[in-house]
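**Student:** This one is entry14.txt, compact mmCIF, C-alpha atoms.
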# COMPACT_ATOMS: atom_id res chain seq x y z
CA MET A 20 -20.39 -29.74 14.61
CA VAL A 21 -19.10 -26.18 14.81
CA SER A 22 -16.15 -27.09 12.58
CA ILE A 23 -18.46 -28.62 9.97
CA SER A 24 -20.53 -25.43 10.09
CA ILE A 25 -17.61 -23.08 9.44
CA TYR A 26 -16.30 -25.34 6.68
CA LEU A 27 -19.73 -25.26 5.04
CA SER A 28 -19.93 -21.47 5.39
CA SER A 29 -16.47 -21.16 3.84
CA LEU A 30 -17.40 -23.51 0.99
CA ILE A 31 -20.53 -21.49 0.20
CA ALA A 32 -18.52 -18.25 0.34
CA GLY A 33 -16.07 -19.72 -2.17
CA LEU A 34 -18.75 -21.07 -4.49
CA LEU A 35 -20.35 -17.63 -4.71
CA THR A 36 -17.62 -16.71 -7.20
CA GLY A 37 -19.65 -18.84 -9.61
CA VAL A 38 -22.55 -16.39 -9.28
CA GLY A 39 -20.29 -13.72 -10.75
CA ALA A 40 -19.63 -16.04 -13.70
CA LEU A 41 -23.35 -16.58 -14.28
CA ILE A 42 -23.90 -12.82 -14.34
CA SER A 43 -21.08 -12.40 -16.84
CA ILE A 44 -22.23 -15.05 -19.32
CA ALA A 45 -25.77 -13.68 -19.18
CA ILE A 46 -24.47 -10.55 -20.94
CA LYS A 47 -24.47 -11.51 -24.64
CA ASN A 48 -22.42 -9.69 -27.30
CA PRO A 49 -21.25 -6.76 -25.14
CA SER A 50 -20.59 -3.50 -26.97
CA ASP A 51 -17.16 -1.87 -26.95
CA LYS A 52 -18.45 0.68 -24.45
CA LEU A 53 -19.72 -2.04 -22.11
CA LEU A 54 -16.44 -3.91 -22.55
CA SER A 55 -14.39 -0.86 -21.51
CA LEU A 56 -16.75 -0.22 -18.61
CA SER A 57 -16.68 -3.85 -17.43
CA LEU A 58 -12.91 -4.27 -17.61
CA GLY A 59 -12.50 -0.92 -15.84
CA PHE A 60 -14.94 -2.06 -13.16
CA ALA A 61 -12.98 -5.29 -12.66
CA ALA A 62 -9.76 -3.25 -12.40
CA GLY A 63 -11.35 -0.95 -9.82
CA ILE A 64 -12.52 -3.89 -7.71
CA MET A 65 -9.05 -5.45 -7.66
CA LEU A 66 -7.37 -2.12 -6.89
CA GLY A 67 -9.88 -1.40 -4.14
CA ILE A 68 -9.59 -4.81 -2.49
CA SER A 69 -5.79 -4.53 -2.54
CA THR A 70 -5.54 -0.99 -1.18
CA PHE A 71 -8.53 -0.88 1.20
CA SER A 72 -8.38 -4.42 2.58
CA LEU A 73 -5.32 -6.56 1.86
CA ILE A 74 -2.51 -4.04 2.43
CA PRO A 75 -4.01 -2.45 5.60
CA GLU A 76 -4.67 -5.91 7.08
CA SER A 77 -1.13 -6.97 6.18
CA LEU A 78 0.32 -3.95 7.96
CA GLU A 79 -1.92 -4.52 10.98
CA LEU A 80 -0.90 -8.16 11.38
CA GLY A 81 2.79 -7.69 10.63
CA ASN A 82 4.93 -4.70 9.78
CA ILE A 83 5.98 -2.71 6.75
CA TYR A 84 8.88 -5.05 5.98
CA PHE A 85 6.75 -8.21 5.78
CA CYS A 86 4.14 -6.26 3.82
CA ALA A 87 6.73 -4.96 1.35
CA LEU A 88 8.34 -8.40 0.98
CA GLY A 89 4.98 -10.06 0.32
CA PHE A 90 3.89 -7.33 -2.09
CA VAL A 91 7.06 -7.49 -4.19
CA SER A 92 6.95 -11.31 -4.17
CA GLY A 93 3.33 -11.33 -5.38
CA ALA A 94 4.02 -8.87 -8.19
CA GLY A 95 7.20 -10.75 -9.13
CA PHE A 96 5.38 -14.10 -9.17
CA LEU A 97 2.76 -12.79 -11.61
CA GLY A 98 5.52 -11.14 -13.63
CA LEU A 99 7.16 -14.53 -14.10
CA LEU A 100 3.82 -16.03 -15.10
CA ASP A 101 3.32 -13.16 -17.53
CA TYR A 102 6.59 -14.11 -19.17
CA GLY A 103 6.07 -17.87 -19.11
CA LEU A 104 2.34 -18.37 -19.67
CA PRO A 105 2.21 -17.30 -23.33
CA HIS A 106 5.13 -19.63 -24.11
CA ILE A 107 3.55 -22.56 -22.30
CA HIS A 108 0.20 -22.14 -24.08
CA LYS A 109 1.40 -20.31 -27.19
CA ASN A 110 -0.96 -21.92 -29.72
CA GLU A 111 -3.95 -21.47 -27.46
CA MET A 112 -3.31 -17.88 -26.44
CA GLU A 113 -1.44 -16.23 -29.30
CA TYR A 114 -4.62 -14.78 -30.76
CA ASP A 115 -6.77 -14.92 -27.66
CA GLU A 116 -5.66 -12.21 -25.27
CA TYR A 117 -8.90 -12.30 -23.28
CA LYS A 118 -8.34 -15.95 -22.39
CA LYS A 119 -4.87 -15.08 -21.12
CA MET A 120 -6.30 -12.16 -19.13
CA GLY A 121 -8.99 -14.40 -17.61
CA TYR A 122 -6.44 -17.02 -16.58
CA PHE A 123 -4.26 -14.32 -15.03
CA ILE A 124 -7.11 -12.89 -13.01
CA ALA A 125 -8.22 -16.39 -11.93
CA ILE A 126 -4.72 -17.08 -10.56
CA GLY A 127 -4.66 -13.73 -8.79
CA ILE A 128 -8.10 -14.23 -7.22
CA ALA A 129 -7.21 -17.77 -6.10
CA VAL A 130 -4.01 -16.48 -4.47
CA HIS A 131 -6.07 -13.75 -2.80
CA ASN A 132 -8.76 -16.17 -1.56
CA LEU A 133 -6.30 -18.39 0.30
CA PRO A 134 -5.36 -15.90 3.07
CA GLU A 135 -9.01 -14.82 3.24
CA GLY A 136 -9.92 -18.43 3.99
CA ILE A 137 -7.21 -18.53 6.65
CA ALA A 138 -8.85 -15.43 8.16
CA ILE A 139 -12.18 -17.28 8.34
CA GLY A 140 -10.60 -20.24 10.11
CA VAL A 141 -8.67 -18.09 12.57
CA SER A 142 -11.72 -15.87 13.27
CA ASN A 143 -13.83 -18.94 13.99
CA GLU A 144 -11.34 -20.03 16.64
CA VAL A 145 -11.71 -16.64 18.32
CA SER A 146 -15.51 -16.60 18.03
CA VAL A 147 -17.97 -18.78 16.11
CA VAL A 148 -20.09 -15.72 15.34
CA MET A 149 -17.05 -13.77 14.14
CA GLY A 150 -16.07 -16.64 11.85
CA PHE A 151 -19.58 -16.82 10.38
CA TYR A 152 -19.78 -13.09 9.67
CA MET A 153 -16.29 -13.16 8.18
CA ALA A 154 -17.46 -15.92 5.80
CA VAL A 155 -20.59 -13.94 4.85
CA SER A 156 -18.55 -10.81 4.14
CA ILE A 157 -16.04 -12.68 1.99
CA GLY A 158 -18.85 -14.51 0.19
CA ILE A 159 -20.50 -11.23 -0.83
CA HIS A 160 -17.39 -9.79 -2.41
CA ASN A 161 -16.54 -13.15 -3.99
CA ILE A 162 -19.46 -12.49 -6.33
CA ALA A 163 -17.73 -9.35 -7.58
CA GLU A 164 -14.43 -11.22 -7.86
CA GLY A 165 -16.14 -13.95 -9.88
CA LEU A 166 -17.38 -11.29 -12.28
CA SER A 167 -13.80 -10.03 -12.64
CA VAL A 168 -12.59 -13.52 -13.62
CA ALA A 169 -15.49 -14.42 -15.89
CA MET A 170 -15.85 -11.19 -17.88
CA PRO A 171 -12.65 -11.55 -19.97
CA LEU A 172 -13.16 -15.32 -20.29
CA SER A 173 -16.65 -14.76 -21.69
CA LEU A 174 -15.11 -12.55 -24.41
CA SER A 175 -12.92 -15.42 -25.60
CA PRO A 176 -14.47 -16.86 -28.80
CA ASN A 177 -13.44 -20.44 -28.01
CA MET A 178 -14.41 -20.59 -24.34
CA LYS A 179 -17.48 -22.66 -23.43
CA LYS A 180 -19.88 -21.18 -20.87
CA SER A 181 -19.62 -24.28 -18.67
CA ARG A 182 -15.84 -23.93 -18.61
CA ILE A 183 -16.12 -20.26 -17.62
CA VAL A 184 -18.30 -21.18 -14.64
CA TYR A 185 -15.98 -24.07 -13.75
CA ILE A 186 -12.77 -22.00 -13.82
CA THR A 187 -14.37 -19.13 -11.91
CA THR A 188 -15.85 -21.39 -9.25
CA ILE A 189 -12.57 -23.27 -8.78
CA THR A 190 -10.82 -20.02 -7.86
CA GLY A 191 -13.28 -19.62 -4.99
CA LEU A 192 -12.47 -23.04 -3.53
CA ALA A 193 -9.15 -21.61 -2.37
CA THR A 194 -11.28 -19.98 0.36
CA LEU A 195 -12.19 -23.40 1.78
CA LEU A 196 -8.58 -24.57 1.56
CA GLY A 197 -7.50 -21.49 3.47
CA THR A 198 -10.11 -22.12 6.17
CA ILE A 199 -8.86 -25.68 6.63
CA ILE A 200 -5.29 -24.38 6.94
CA GLY A 201 -6.37 -21.60 9.33
CA LYS A 202 -8.10 -24.02 11.70
CA ALA A 203 -5.35 -26.63 11.48
CA ILE A 204 -2.54 -24.22 12.32
CA ILE A 205 -4.23 -21.60 14.49
CA THR A 206 -0.84 -20.76 15.99
CA ILE A 207 0.48 -19.76 12.57
CA SER A 208 2.66 -16.65 12.68
CA ALA A 209 0.82 -13.38 12.16
CA PHE A 210 3.82 -12.29 10.11
CA PHE A 211 3.24 -15.18 7.70
CA ILE A 212 -0.39 -14.15 7.23
CA SER A 213 0.75 -10.55 6.82
CA ALA A 214 3.11 -11.50 4.01
CA SER A 215 0.45 -13.71 2.40
CA LEU A 216 -2.08 -10.87 2.28
CA ALA A 217 0.51 -8.52 0.77
CA PHE A 218 1.51 -11.23 -1.73
CA ALA A 219 -2.11 -11.37 -2.91
CA ALA A 220 -2.22 -7.56 -3.18
CA GLY A 221 0.96 -7.49 -5.26
CA ALA A 222 -0.36 -10.17 -7.59
CA MET A 223 -3.71 -8.42 -8.08
CA ILE A 224 -2.20 -4.99 -8.69
CA TYR A 225 0.21 -6.47 -11.25
CA ILE A 226 -2.72 -8.03 -13.12
CA THR A 227 -4.63 -4.76 -12.98
CA SER A 228 -1.71 -2.75 -14.33
CA ALA A 229 -0.53 -5.24 -16.96
CA GLU A 230 -3.86 -6.49 -18.30
CA LEU A 231 -7.07 -4.83 -17.17
CA ILE A 232 -6.35 -1.10 -17.33
CA PRO A 233 -4.53 -1.10 -20.72
CA LYS A 234 -7.23 -3.18 -22.42
CA SER A 235 -10.09 -1.27 -20.81
CA HIS A 236 -8.74 1.95 -22.39
CA ARG A 237 -8.39 0.59 -25.92
CA SER A 238 -11.80 1.67 -27.19
CA TYR A 239 -13.51 4.06 -24.78
CA GLY A 240 -11.16 5.48 -22.15
CA LYS A 241 -13.88 7.57 -20.51
CA TYR A 242 -16.05 4.50 -19.92
CA ALA A 243 -13.01 2.64 -18.59
CA ASN A 244 -12.37 5.44 -16.10
CA ILE A 245 -16.02 5.39 -15.00
CA GLY A 246 -15.73 1.64 -14.48
CA ILE A 247 -12.52 1.97 -12.46
CA VAL A 248 -14.03 4.61 -10.17
CA ALA A 249 -17.22 2.56 -9.75
CA GLY A 250 -15.22 -0.59 -8.98
CA ILE A 251 -13.12 1.17 -6.36
CA LEU A 252 -16.23 2.62 -4.71
CA PHE A 253 -17.92 -0.79 -4.80
CA SER A 254 -14.95 -2.48 -3.15
CA LEU A 255 -14.93 0.24 -0.48
CA PHE A 256 -18.43 -0.82 0.60
CA LEU A 257 -17.37 -4.49 0.64
CA ARG A 258 -14.80 -3.91 3.39
Translate this structure into structure tokens?
**Tutor:**
Amino acid sequence: MVSISIYLSSLIAGLLTGVGALISIAIKNPSDKLLSLSLGFAAGIMLGISTFSLIPESLELGNIYFCALGFVSGAGFLGLLDYGLPHIHKNEMEYDEYKKMGYFIAIGIAVHNLPEGIAIGVSNEVSVVMGFYMAVSIGIHNIAEGLSVAMPLSLSPNMKKSRIVYITTITGLATLLGTIIGKAIITISAFFISASLAFAAGAMIYITSAELIPKSHRSYGKYANIGIVAGILFSLFLR
């Protein structure tokens, strides 16, 4: 019964990414200023989660070598996708950069949610209460992550609203998968989890640097900077 409970909590935490999508699609015809602000905010959230949460947790569970290896691997993985994705979906993405950005962020968030789900499963084995509160905490910031995925997708002229919600919500289900893994292999090496967290950080920072920050500064750099600062502060309170 306890296991069913933590799986349900993890599932709900993952599905809350869909709430972020609903918030995003509710904003119709955003102005250039709002676009710069929103993309900057998404960049700030991803930078904040990586630097305030993922990297410190990686160092705590492992050491600097596993953290560095995971970080470089995550950035390299997204770099390879950056090179290959436009070629794989050339016709679909050649004139739709926001769709590409949304897909990138979705991949990064899904990669990030997997070790978070493992953390829920492992925490539940230590204490049922700890596992529950871990799921609640992750669920709250999944809303912000869902907004980060959905915002660029909602700017794509050919993207249906139902598909935006679907893609965004699917990224959150990696949380449940991680919880299942965490409970199934509770004796998993802390160094493996350390590298996984750093991998997620590397992937998210690559996305932020390659996609979010450059495009947020295209029209109104000052609004982009305000969004970045606000996103970082917001992620600080989600720790």
**Student:** Would you please work out which residue, of A:Ile139, A:Leu174, A:Ala249, A:Val147, is nearest to Ala203 of chain A when using all atoms listed in the file?
**Tutor:**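 For Ala203 of chain A, the nearest of the given residues is A:Ile139.
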**Student:** Return as a tab-separated table the residues of segment 148-252 of chain A lying at most 12 Å from segment 79-96 of chain A, together with the closest atom-to-atom pair for each and the distance in Å to one decimal, counting all atoms listed in the file, with rows in chain order and ascending residue number.
**Tutor:**
residue	atom	partner	partner_atom	distance
A:Ile207	CA	A:Leu80	CA	11.7
A:Ser208	CA	A:Gly81	CA	9.2
A:Ala209	CA	A:Leu80	CA	5.6
A:Phe210	CA	A:Gly81	CA	4.7
A:Phe211	CA	A:Phe85	CA	8.0
A:Ile212	CA	A:Leu80	CA	7.3
A:Ser213	CA	A:Gly81	CA	5.2
A:Ala214	CA	A:Gly89	CA	4.4
A:Ser215	CA	A:Gly89	CA	6.2
A:Leu216	CA	A:Gly89	CA	7.4
A:Ala217	CA	A:Phe90	CA	4.6
A:Phe218	CA	A:Gly93	CA	4.1
A:Ala219	CA	A:Gly93	CA	6.0
A:Ala220	CA	A:Phe90	CA	6.2
A:Gly221	CA	A:Phe90	CA	4.3
A:Ala222	CA	A:Gly93	CA	4.5
A:Met223	CA	A:Ala94	CA	7.7
A:Ile224	CA	A:Ala94	CA	7.3
A:Tyr225	CA	A:Ala94	CA	5.4
A:Ile226	CA	A:Ala94	CA	8.4
A:Thr227	CA	A:Ala94	CA	10.7
A:Ser228	CA	A:Ala94	CA	10.4
A:Ala229	CA	A:Ala94	CA	10.5
**Student:** Which residues are close to Ser173 of chain A, i.e. within 9 Å by all atoms listed in the file, leaving aside same-chain residues fewer than 4 positions away? Reply as a ChimeraX atom specification.
**Tutor:** /A:40,43-44,46-47,117-118,121,169,178-180,183
**Student:** Could you work out how far atom CA of Thr70 of chain A lies from atom CA of Gly140 of chain A, giving the answer in Å with one decimal?
**Tutor:**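 Between these atoms lies a distance of 22.9 Å.
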**Student:** What is the atom CA of Ile157 of chain A-atom CA of Leu58 of chain A distance in Å, reported with one decimal?
**Tutor:**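 Going from atom CA of Ile157 of chain A over to atom CA of Leu58 of chain A, I get 21.6 Å.
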**Student:** Quick one: distance from atom CA of Tyr122 of chain A to atom CA of His236 of chain A in Å, one decimal?
**Tutor:** 20.0 Å
**Student:** Compile the contact shell of Thr198 of chain A as a ChimeraX atom specification: residues with an atom at most 8 Å away, counting all atoms listed in the file, same-chain residues fewer than 3 positions apart removed.
**Tutor:** /A:26,29,133,135-141,194-195,201-202
**Student:** Which neighbours of Tyr242 of chain A fall inside 9 Å, counting all atoms listed in the file, when residues of the same chain fewer than 5 positions from it are skipped, and could you give them as JSON, numbers by chain?
**Tutor:** {"A": [52, 53, 54, 55, 56, 57, 59, 235, 236, 247]}
